[in-house]
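Next comes coords_35.txt, a file with compact mmCIF, C-alpha atoms and all ligand atoms.
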# COMPACT_ATOMS: atom_id res chain seq x y z
CA MET A 1 19.52 -0.94 -20.33
CA GLU A 2 17.13 -3.38 -18.68
CA ILE A 3 18.25 -5.17 -15.54
CA SER A 4 16.70 -8.37 -14.24
CA ARG A 5 15.73 -8.85 -10.63
CA ARG A 6 18.42 -11.53 -10.24
CA GLU A 7 21.10 -9.19 -11.62
CA LEU A 8 19.88 -6.44 -9.34
CA PHE A 9 20.05 -8.72 -6.33
CA GLN A 10 23.58 -9.81 -7.21
CA LYS A 11 24.75 -6.23 -7.57
CA ILE A 12 23.31 -5.33 -4.17
CA THR A 13 24.57 -8.21 -2.12
CA THR A 14 28.01 -8.61 -3.71
CA GLY A 15 28.53 -4.84 -3.50
CA GLY A 16 27.60 -5.09 0.20
CA ALA A 17 29.53 -3.00 2.62
CA ALA A 18 31.63 -1.32 -0.06
CA ILE A 19 28.56 0.17 -1.67
CA ALA A 20 27.16 1.15 1.71
CA ALA A 21 30.39 2.98 2.48
CA SER A 22 30.56 4.87 -0.81
CA GLY A 23 27.86 4.85 -3.47
CA GLY A 24 25.19 3.69 -1.01
CA ILE A 25 25.77 6.71 1.17
CA SER A 26 25.76 9.16 -1.70
CA ALA A 27 22.58 7.52 -3.02
CA ALA A 28 21.07 7.81 0.44
CA LEU A 29 22.05 11.48 0.61
CA THR A 30 20.46 12.04 -2.79
CA GLY A 31 17.37 10.38 -1.35
CA VAL A 32 17.47 12.74 1.63
CA ALA A 33 17.68 15.78 -0.65
CA GLN A 34 14.79 14.55 -2.79
CA ALA A 35 12.63 13.61 0.14
CA GLU A 36 13.17 16.99 1.83
CA GLU A 37 11.06 18.69 -0.85
CA THR A 38 7.57 19.35 0.47
CA PRO A 39 5.28 16.75 -1.08
CA GLN A 40 2.58 18.18 -3.35
CA VAL A 41 -0.69 16.66 -4.51
CA PRO A 42 -0.08 15.70 -8.17
CA PRO A 43 -1.83 17.88 -10.79
CA HIS A 44 -4.39 15.24 -11.84
CA ALA A 45 -4.52 13.24 -8.64
CA LEU A 46 -7.06 10.44 -8.86
CA GLY A 47 -8.81 9.38 -5.70
CA MET A 48 -11.65 7.67 -3.93
CA LEU A 49 -14.15 8.93 -1.40
CA TYR A 50 -15.52 6.32 0.99
CA ASP A 51 -18.48 7.40 3.10
CA ALA A 52 -18.92 4.97 5.97
CA THR A 53 -22.43 6.30 6.66
CA LEU A 54 -23.59 4.94 3.29
CA CYS A 55 -21.87 1.54 3.36
CA ILE A 56 -24.08 -1.48 4.09
CA GLY A 57 -21.22 -4.00 4.29
CA CYS A 58 -22.38 -6.06 1.31
CA LYS A 59 -18.74 -6.72 0.22
CA THR A 60 -19.65 -6.52 -3.46
CA CYS A 61 -16.60 -4.28 -3.80
CA VAL A 62 -14.35 -6.98 -2.29
CA VAL A 63 -15.60 -9.62 -4.73
CA ALA A 64 -15.30 -7.23 -7.70
CA CYS A 65 -11.74 -6.40 -6.65
CA THR A 66 -10.80 -10.08 -6.51
CA GLN A 67 -12.26 -10.74 -9.95
CA ALA A 68 -10.83 -7.65 -11.63
CA ASN A 69 -7.35 -8.36 -10.31
CA GLY A 70 -7.32 -12.10 -11.04
CA LEU A 71 -6.88 -12.95 -7.36
CA THR A 72 -7.81 -16.23 -5.72
CA PRO A 73 -10.89 -15.75 -3.50
CA ASP A 74 -9.69 -16.02 0.07
CA THR A 75 -11.73 -18.78 1.69
CA ARG A 76 -9.08 -19.70 4.24
CA THR A 77 -11.23 -18.76 7.24
CA ASP A 78 -14.51 -19.95 5.75
CA PRO A 79 -14.55 -22.61 2.99
CA LEU A 80 -17.98 -21.51 1.72
CA HIS A 81 -17.50 -17.74 1.59
CA GLN A 82 -14.90 -15.22 0.59
CA ALA A 83 -14.29 -13.93 4.09
CA PRO A 84 -10.75 -12.66 4.61
CA ALA A 85 -10.09 -11.40 8.12
CA ASP A 86 -7.76 -8.65 6.92
CA LEU A 87 -5.84 -7.40 3.92
CA ASN A 88 -3.55 -10.20 2.84
CA ASN A 89 -1.58 -11.43 -0.14
CA HIS A 90 -4.81 -12.46 -1.92
CA THR A 91 -6.92 -9.49 -0.84
CA LYS A 92 -6.42 -5.89 -1.99
CA THR A 93 -9.48 -4.47 -0.29
CA ILE A 94 -11.58 -5.53 2.67
CA ILE A 95 -14.71 -4.42 4.52
CA LYS A 96 -14.50 -4.57 8.30
CA LEU A 97 -17.20 -4.07 10.91
CA TYR A 98 -16.52 -1.83 13.88
CA LYS A 99 -18.83 -2.43 16.84
CA GLU A 100 -18.73 -0.70 20.21
CA ALA A 101 -20.20 -1.79 23.56
CA ASP A 102 -22.84 0.97 23.35
CA GLY A 103 -24.11 -0.59 20.12
CA GLN A 104 -22.59 1.97 17.73
CA THR A 105 -21.44 0.28 14.53
CA SER A 106 -19.72 1.21 11.30
CA PHE A 107 -18.35 -0.58 8.29
CA VAL A 108 -14.99 0.49 6.95
CA LYS A 109 -13.33 -0.24 3.62
CA GLN A 110 -9.58 -0.64 3.66
CA GLN A 111 -7.13 -0.58 0.77
CA CYS A 112 -4.03 1.35 -0.21
CA MET A 113 -4.53 5.06 0.55
CA HIS A 114 -2.33 6.22 -2.34
CA CYS A 115 -0.56 8.63 0.00
CA VAL A 116 0.52 12.04 -1.31
CA ASP A 117 4.00 11.23 0.02
CA PRO A 118 4.03 7.41 0.20
CA ALA A 119 6.28 5.92 2.86
CA CYS A 120 6.36 2.63 0.95
CA ALA A 121 7.95 4.27 -2.09
CA ALA A 122 10.31 6.34 0.07
CA ALA A 123 11.45 3.17 1.84
CA CYS A 124 12.11 1.30 -1.40
CA MET A 125 15.65 2.04 -2.49
CA PHE A 126 15.23 0.32 -5.84
CA GLY A 127 12.08 1.90 -7.26
CA GLY A 128 9.87 -1.15 -6.77
CA LEU A 129 7.03 1.14 -5.69
CA LYS A 130 6.41 4.36 -7.56
CA LYS A 131 3.96 7.22 -7.36
CA ASP A 132 2.80 8.48 -10.73
CA LYS A 133 3.75 12.16 -11.08
CA ASN A 134 0.49 13.04 -12.82
CA THR A 135 -2.23 10.86 -11.28
CA GLY A 136 -0.51 10.03 -7.99
CA VAL A 137 -1.44 6.34 -8.24
CA VAL A 138 1.10 4.22 -6.34
CA THR A 139 2.02 1.07 -8.25
CA TRP A 140 4.41 -1.84 -7.79
CA ASN A 141 6.91 -2.92 -10.42
CA GLY A 142 8.22 -6.47 -9.97
CA LYS A 143 11.21 -5.77 -12.20
CA TYR A 144 12.84 -3.66 -9.50
CA CYS A 145 11.55 -5.43 -6.38
CA VAL A 146 14.13 -7.50 -4.52
CA GLY A 147 11.77 -8.85 -1.86
CA CYS A 148 13.25 -6.92 1.09
CA ARG A 149 9.72 -6.15 2.39
CA TYR A 150 10.81 -2.79 3.74
CA CYS A 151 7.68 -1.23 2.19
CA GLU A 152 5.57 -3.45 4.44
CA VAL A 153 7.28 -2.08 7.52
CA ALA A 154 7.20 1.53 6.36
CA CYS A 155 3.49 1.79 5.44
CA PRO A 156 1.55 3.50 8.27
CA TYR A 157 -1.66 1.80 7.15
CA ASN A 158 -0.26 -1.74 7.09
CA VAL A 159 -1.19 -2.22 3.45
CA PRO A 160 1.46 -3.95 1.30
CA LYS A 161 1.45 -7.73 1.64
CA PHE A 162 4.13 -10.08 0.43
CA ARG A 163 3.29 -13.08 -1.73
CA TRP A 164 5.94 -15.73 -2.04
CA GLU A 165 4.12 -18.45 -3.92
CA GLY A 166 5.14 -18.35 -7.56
CA PHE A 167 8.54 -18.14 -9.20
CA ASN A 168 8.74 -14.41 -8.50
CA PRO A 169 7.75 -12.89 -5.17
CA GLU A 170 5.16 -10.13 -5.34
CA ILE A 171 3.97 -7.19 -3.30
CA VAL A 172 0.17 -7.21 -3.28
CA LYS A 173 -1.71 -3.94 -2.77
CA CYS A 174 -4.42 -1.87 -4.42
CA GLU A 175 -3.14 -0.02 -7.50
CA PHE A 176 -6.51 1.56 -8.34
CA CYS A 177 -7.03 -1.30 -10.84
CA LYS A 178 -4.24 0.06 -13.08
CA ASP A 179 -5.18 -2.24 -15.98
CA ARG A 180 -8.73 -0.90 -15.96
CA LEU A 181 -7.48 2.69 -15.69
CA ALA A 182 -5.26 2.09 -18.74
CA LYS A 183 -8.40 1.13 -20.67
CA GLY A 184 -10.25 4.25 -19.52
CA GLN A 185 -12.36 2.34 -16.99
CA GLU A 186 -12.75 3.20 -13.33
CA PRO A 187 -11.73 0.77 -10.59
CA ALA A 188 -13.88 -2.31 -10.14
CA CYS A 189 -14.88 -1.58 -6.55
CA THR A 190 -16.33 1.86 -7.27
CA THR A 191 -18.18 0.58 -10.33
CA VAL A 192 -20.18 -2.03 -8.42
CA CYS A 193 -21.03 -0.32 -5.12
CA PRO A 194 -24.85 -0.32 -4.94
CA ARG A 195 -24.91 2.57 -2.46
CA LYS A 196 -22.19 4.72 -4.04
CA ALA A 197 -20.53 4.51 -0.64
CA VAL A 198 -17.22 4.49 -2.48
CA ILE A 199 -16.81 6.74 -5.50
CA PHE A 200 -13.91 7.48 -7.81
CA GLY A 201 -12.70 10.67 -9.47
CA LEU A 202 -10.24 13.52 -9.21
CA ARG A 203 -9.12 14.03 -5.61
CA GLU A 204 -9.95 17.74 -5.66
CA ASP A 205 -13.54 17.04 -6.82
CA LEU A 206 -13.96 14.31 -4.21
CA LEU A 207 -12.70 16.64 -1.47
CA LYS A 208 -15.25 19.26 -2.54
CA GLU A 209 -17.99 16.62 -2.54
CA ALA A 210 -16.97 15.45 0.95
CA LYS A 211 -17.08 19.01 2.27
CA ARG A 212 -20.44 19.57 0.58
CA ARG A 213 -21.85 16.52 2.40
CA ILE A 214 -20.49 17.76 5.73
CA ALA A 215 -22.00 21.23 5.21
CA ALA A 216 -25.35 19.77 4.13
CA ASN A 217 -25.57 17.41 7.12
CA PRO A 218 -24.54 19.23 10.32
CA GLY A 219 -23.61 16.83 13.13
CA LYS A 220 -23.70 13.75 10.91
CA TYR A 221 -19.96 13.30 10.44
CA HIS A 222 -17.21 12.92 13.03
CA GLU A 223 -15.57 16.29 13.75
CA ASP A 224 -16.91 17.57 10.40
CA ARG A 225 -13.59 16.36 9.02
CA VAL A 226 -12.44 14.56 5.87
CA PHE A 227 -9.81 11.98 6.71
CA GLY A 228 -6.99 12.14 4.19
CA GLU A 229 -7.17 15.85 3.42
CA HIS A 230 -4.10 16.48 5.58
CA GLU A 231 -3.33 13.32 7.59
CA GLY A 232 0.18 12.01 7.08
CA GLY A 233 0.76 14.65 4.40
CA GLY A 234 -2.57 13.75 2.75
CA THR A 235 -3.93 10.71 0.98
CA GLN A 236 -5.79 10.24 -2.28
CA VAL A 237 -8.33 7.91 -0.68
CA LEU A 238 -10.57 10.09 1.48
CA TYR A 239 -12.95 9.06 4.27
CA LEU A 240 -16.10 10.37 5.86
CA SER A 241 -17.30 8.66 9.03
CA HIS A 242 -19.83 9.06 11.80
CA VAL A 243 -17.51 7.37 14.35
CA PRO A 244 -13.99 8.54 15.29
CA PHE A 245 -11.48 7.65 12.59
CA ASP A 246 -9.07 5.90 14.95
CA LYS A 247 -11.87 3.52 15.96
CA ILE A 248 -12.32 2.33 12.39
CA GLY A 249 -8.64 1.64 11.97
CA LEU A 250 -7.43 4.95 10.54
CA PRO A 251 -4.39 6.01 12.54
CA GLN A 252 -3.75 9.64 13.45
CA PRO A 253 -0.25 10.22 12.14
CA GLY A 254 -0.41 14.06 12.37
CA ASN A 255 -0.25 16.19 9.27
CA GLU A 256 3.41 15.67 8.45
CA SER A 257 4.23 12.95 5.94
CA ILE A 258 5.93 9.85 7.31
CA PRO A 259 9.02 10.16 5.07
CA GLN A 260 9.46 13.79 6.12
CA LYS A 261 9.19 12.91 9.80
CA TYR A 262 11.50 9.98 9.49
CA LEU A 263 14.19 11.96 7.68
CA LYS A 264 14.15 14.77 10.27
CA TRP A 265 14.72 12.23 13.03
CA GLN A 266 17.40 10.58 10.98
CA LYS A 267 19.22 13.88 10.39
CA ARG A 268 19.28 14.79 14.08
CA LEU A 269 20.63 11.47 15.27
CA TYR A 270 22.97 10.41 12.56
CA SER A 271 24.00 13.60 10.73
CA TYR A 272 22.99 12.09 7.40
CA LEU A 273 25.44 9.21 7.32
CA VAL A 274 25.13 6.42 9.82
CA LEU A 275 21.51 5.38 9.45
CA PRO A 276 21.48 5.20 5.64
CA ALA A 277 24.58 3.03 5.74
CA GLY A 278 23.20 0.90 8.56
CA LEU A 279 19.83 0.63 6.86
CA TYR A 280 21.50 -0.41 3.65
CA ALA A 281 23.48 -3.12 5.43
CA VAL A 282 20.33 -4.43 7.16
CA LEU A 283 18.50 -4.44 3.84
CA ALA A 284 21.28 -6.26 2.07
CA GLY A 285 21.23 -8.92 4.83
CA THR A 286 17.45 -9.25 4.64
CA ILE A 287 17.52 -9.52 0.87
CA ARG A 288 20.27 -12.13 0.99
CA LYS A 289 18.24 -14.22 3.48
CA ASN A 290 15.00 -13.87 1.47
CA TRP A 291 16.75 -14.83 -1.72
CA LYS A 292 18.41 -17.84 -0.08
CA ASP A 293 15.00 -19.01 1.21
CA HIS A 294 13.57 -18.53 -2.26
CA GLU A 295 16.36 -20.55 -3.93
CA GLU A 296 15.90 -23.34 -1.34
CA HIS A 297 12.18 -23.32 -2.01
CA LEU A 298 12.85 -23.63 -5.74
CA GLU A 299 15.30 -26.49 -5.20
CA GLU A 300 12.69 -28.33 -3.12
CA GLU A 301 10.10 -27.78 -5.85
CA GLU A 302 12.50 -29.06 -8.50
CA LYS A 303 13.28 -32.17 -6.41
CA ALA A 304 9.57 -32.78 -5.81
CA SER A 305 8.71 -32.46 -9.50
CA GLY A 306 11.63 -34.81 -10.34
CA LEU A 307 10.21 -37.35 -7.92
CA ARG A 308 6.74 -36.95 -9.42
CA ALA A 309 8.18 -37.55 -12.90
CA GLN A 310 9.83 -40.77 -11.71
CA LEU A 311 6.59 -42.17 -10.25
S1 LIG B 1 -1.09 3.36 2.16
FE1 LIG B 1 0.87 2.33 2.44
S2 LIG B 1 1.13 1.15 0.55
FE2 LIG B 1 -0.42 2.69 0.11
S3 LIG B 1 0.71 4.46 -0.73
FE3 LIG B 1 0.51 4.82 1.49
S4 LIG B 1 2.42 3.97 2.32
FE4 LIG B 1 2.19 3.12 0.25
S1 LIG B 2 -9.28 0.10 -6.97
FE1 LIG B 2 -9.19 -1.97 -7.80
S2 LIG B 2 -7.52 -2.92 -6.65
FE2 LIG B 2 -8.10 -1.08 -5.51
S3 LIG B 2 -9.59 -1.78 -3.99
FE3 LIG B 2 -10.74 -1.09 -5.79
S4 LIG B 2 -11.05 -2.94 -7.00
FE4 LIG B 2 -9.41 -3.38 -5.56
S1 LIG B 3 -19.93 -2.40 -2.29
FE1 LIG B 3 -20.28 -0.38 -1.36
S2 LIG B 3 -21.89 -0.73 0.19
FE2 LIG B 3 -21.09 -2.76 -0.36
S3 LIG B 3 -19.46 -3.09 1.18
FE3 LIG B 3 -18.46 -2.16 -0.62
S4 LIG B 3 -18.42 0.04 -0.16
FE4 LIG B 3 -19.92 -0.90 1.23
Full structure transcribed into structure tokens:
Amino acid sequence: MEISRRELFQKITTGGAAIAASGGISAALTGVAQAEETPQVPPHALGMLYDATLCIGCKTCVVACTQANGLTPDTRTDPLHQAPADLNNHTKTIIKLYKEADGQTSFVKQQCMHCVDPACAAACMFGGLKKDKNTGVVTWNGKYCVGCRYCEVACPYNVPKFRWEGFNPEIVKCEFCKDRLAKGQEPACTTVCPRKAVIFGLREDLLKEAKRRIAANPGKYHEDRVFGEHEGGGTQVLYLSHVPFDKIGLPQPGNESIPQKYLKWQKRLYSYLVLPAGLYAVLAGTIRKNWKDHEEHLEEEEKASGLRAQL
């Protein structure tokens, strides 16, 4: 049976504390049991390899991403050019320039990392974000999203962005151009890169290619390491860089996945029960507030269009 977002919201907020005290807790415990399984790289994990030493910062990939995903070019900081300062609710990928006092520079491409164990999906109690069991691509489904924005908070790479402009709110993030993938095409950004600084394929092949480059070029890459092989439980977007990864905005979360870490901490402090219930209550409150804001926004729009019709 299909359930609309409005119906879902009503079930959550009217169920409130009662659900948190009964079904909510058992659902949370089910979540704990599921999340305790060690995350595995999916059998046909798709991925990207970005090699910062090859990137020339042309931003062709950013423009291609905007076009392929039907996004509005972000000219908010510069009316003549598409020059977003960071990932935002119109921008699924961005090229940034890292520059140090000693003159060392590097470009870096940012987008969703398609984590092996995605914190965004683990944080979403309603299945709004899902990792495909076969390809590992992490996608958003508006049918189940209630606009709580907990995925935004949970993501260690600060990727999901919330768009509240149309009738339905949206979470904006790279989904590996899922419409292109469905047609057998590769993502737009990897298709257009003139330097092949970002390439697409199976994660295991890309990892081999990254290691081949490291072996063939001693001393060229930072720590002779591929970022994403193990970090945070592993990611399907992999990086090679000549400057330290933390300097180009890639945090060092350790090798344990964020959901695994979080659940261990949760178990010690709350013996399985208190935090899930508390979290649920906070979420229900946040959702209620977001929905109220949304309804007010709609009412204002309706009034404004009524006024326009009268003029
Ligand atoms: S980078 Fe963030 S949004 Fe992307 S899969 Fe990982 S946790 Fe989710
Ligand atoms: S895969 Fe598609 S959505 Fe993701 S960064 Fe590349 S062009 Fe953008
Ligand atoms: S298209 Fe390629 S070279 Fe140009 S900015 Fe993007 S990743 Fe770098």
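Reported to one decimal place, the separation of CA of Tyr50 (chain A) from CA of Lys183 (chain A) is 23.4 Å.
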**Report entry** Test item: residues no farther than 8 Å from ligand LIG 1 (chain B), counting all atoms listed in the file, as a PyMOL selection string
**Finding:** chain A and resi 111-121+129+131+138+151-152+154-160+173-174+235
Proximity check chain A to ligand LIG 2 (chain B), 8 Å, nearest pairs one decimal Å, all atoms listed in the file, as a tab-separated table:
residue	atom	partner	partner_atom	distance
A:Cys61	CA	B:LIG2	S4	6.5
A:Val62	CA	B:LIG2	FE4	6.9
A:Ala64	CA	B:LIG2	S4	6.1
A:Cys65	CA	B:LIG2	S4	3.5
A:Thr66	CA	B:LIG2	FE4	6.9
A:Ala68	CA	B:LIG2	S4	6.6
A:Asn69	CA	B:LIG2	S2	6.6
A:Lys92	CA	B:LIG2	FE4	5.3
A:Thr93	CA	B:LIG2	S3	4.6
A:Ile94	CA	B:LIG2	S3	7.9
A:Gln110	CA	B:LIG2	S3	7.7
A:Gln111	CA	B:LIG2	S3	5.5
A:Cys112	CA	B:LIG2	FE2	7.1
A:Lys173	CA	B:LIG2	S2	7.1
A:Cys174	CA	B:LIG2	FE2	3.9
A:Glu175	CA	B:LIG2	S2	5.3
A:Phe176	CA	B:LIG2	S1	3.4
A:Cys177	CA	B:LIG2	FE1	3.8
A:Lys178	CA	B:LIG2	FE1	7.5
A:Glu186	CA	B:LIG2	S1	7.9
A:Pro187	CA	B:LIG2	S1	4.4
A:Ala188	CA	B:LIG2	S4	4.3
A:Cys189	CA	B:LIG2	S4	4.1
A:Thr190	CA	B:LIG2	FE3	6.5
Residues of chain A that have any atom at most 12 Å from an atom of ligand LIG 3 (chain B): could you tabulate them with the shortest-distance atom pair and the distance in Å to one decimal, using all atoms listed in the file, ordered by chain and increasing number, as CSV?
residue,atom,partner,partner_atom,distance
A:Met48,CA,B:LIG3,S4,10.9
A:Leu49,CA,B:LIG3,S4,9.9
A:Tyr50,CA,B:LIG3,S4,7.0
A:Asp51,CA,B:LIG3,S4,8.0
A:Ala52,CA,B:LIG3,FE4,7.6
A:Thr53,CA,B:LIG3,FE4,9.4
A:Leu54,CA,B:LIG3,S2,6.7
A:Cys55,CA,B:LIG3,FE4,3.8
A:Ile56,CA,B:LIG3,S2,4.5
A:Gly57,CA,B:LIG3,S3,3.7
A:Cys58,CA,B:LIG3,FE2,3.9
A:Lys59,CA,B:LIG3,S3,3.8
A:Thr60,CA,B:LIG3,S1,4.3
A:Cys61,CA,B:LIG3,S1,4.1
A:Val62,CA,B:LIG3,FE3,6.6
A:Val63,CA,B:LIG3,S1,8.8
A:Ala64,CA,B:LIG3,S1,8.6
A:Cys65,CA,B:LIG3,FE3,10.0
A:Thr93,CA,B:LIG3,FE3,9.3
A:Ile94,CA,B:LIG3,FE3,8.3
A:Ile95,CA,B:LIG3,S3,6.0
A:Lys96,CA,B:LIG3,S3,8.8
A:Leu97,CA,B:LIG3,S3,10.0
A:Ser106,CA,B:LIG3,FE4,10.3
A:Phe107,CA,B:LIG3,FE4,7.2
A:Val108,CA,B:LIG3,FE4,7.7
A:Lys109,CA,B:LIG3,S4,6.3
A:Gln110,CA,B:LIG3,S4,9.7
A:Gln111,CA,B:LIG3,S4,11.3
A:Ala188,CA,B:LIG3,S1,9.9
A:Cys189,CA,B:LIG3,S1,6.7
A:Thr190,CA,B:LIG3,FE1,7.5
A:Thr191,CA,B:LIG3,S1,8.8
A:Val192,CA,B:LIG3,S1,6.1
A:Cys193,CA,B:LIG3,S1,3.7
A:Pro194,CA,B:LIG3,FE1,5.8
A:Arg195,CA,B:LIG3,S2,5.2
A:Lys196,CA,B:LIG3,FE1,6.1
A:Ala197,CA,B:LIG3,FE1,4.9
A:Val198,CA,B:LIG3,S4,5.2
A:Ile199,CA,B:LIG3,S4,8.7
A:Phe200,CA,B:LIG3,S4,11.6
A:Tyr239,CA,B:LIG3,S4,11.4
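When the distance limit is 10 Å and only C-alpha atoms are what count, the residues near Pro244 (chain A), minus those fewer than 4 positions from it on the same chain, are Tyr221, His222, Glu223, Leu240, Ile248, Gly249 and Leu250 of chain A.
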Write a file of the selected residues as a compact mmCIF listing (two decimals), keeping the file's coordinate frame, keeping C-alpha atoms.
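Once everything was written out, this is out.txt:
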# COMPACT_ATOMS: atom_id res chain seq x y z
CA TYR A 221 -19.96 13.30 10.44
CA HIS A 222 -17.21 12.92 13.03
CA GLU A 223 -15.57 16.29 13.75
CA LEU A 240 -16.10 10.37 5.86
CA ILE A 248 -12.32 2.33 12.39
CA GLY A 249 -8.64 1.64 11.97
CA LEU A 250 -7.43 4.95 10.54
Requested in this report: In Å, rounded to a single decimal, give me how far CA of His90 (chain A) is from CA of Asp74 (chain A).
Outcome: 6.4 Å
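The shortest atom-to-atom distance to Phe162 (chain A), with only C-alpha atoms taken into account, belongs to A:Thr91 out of A:Gln236, A:Gln252, A:Gln260, A:Thr91.
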Report task. Work out how far apart CA of Arg149 (chain A) and CA of Met125 (chain A) are and give it in Å to one decimal. Result -> 11.2 Å
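Shortest atom-to-atom contact with Asn168 (chain A) among A:Val226, A:Ala215, A:Ile258, A:Val146: A:Val146, counting all atoms listed in the file.
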Query raised in the report: Between A:Cys145, A:Val41, A:Val243, A:Leu238, which has the minimum distance to Asp132 (chain A) (counting all atoms listed in the file)?
Result: A:Val41
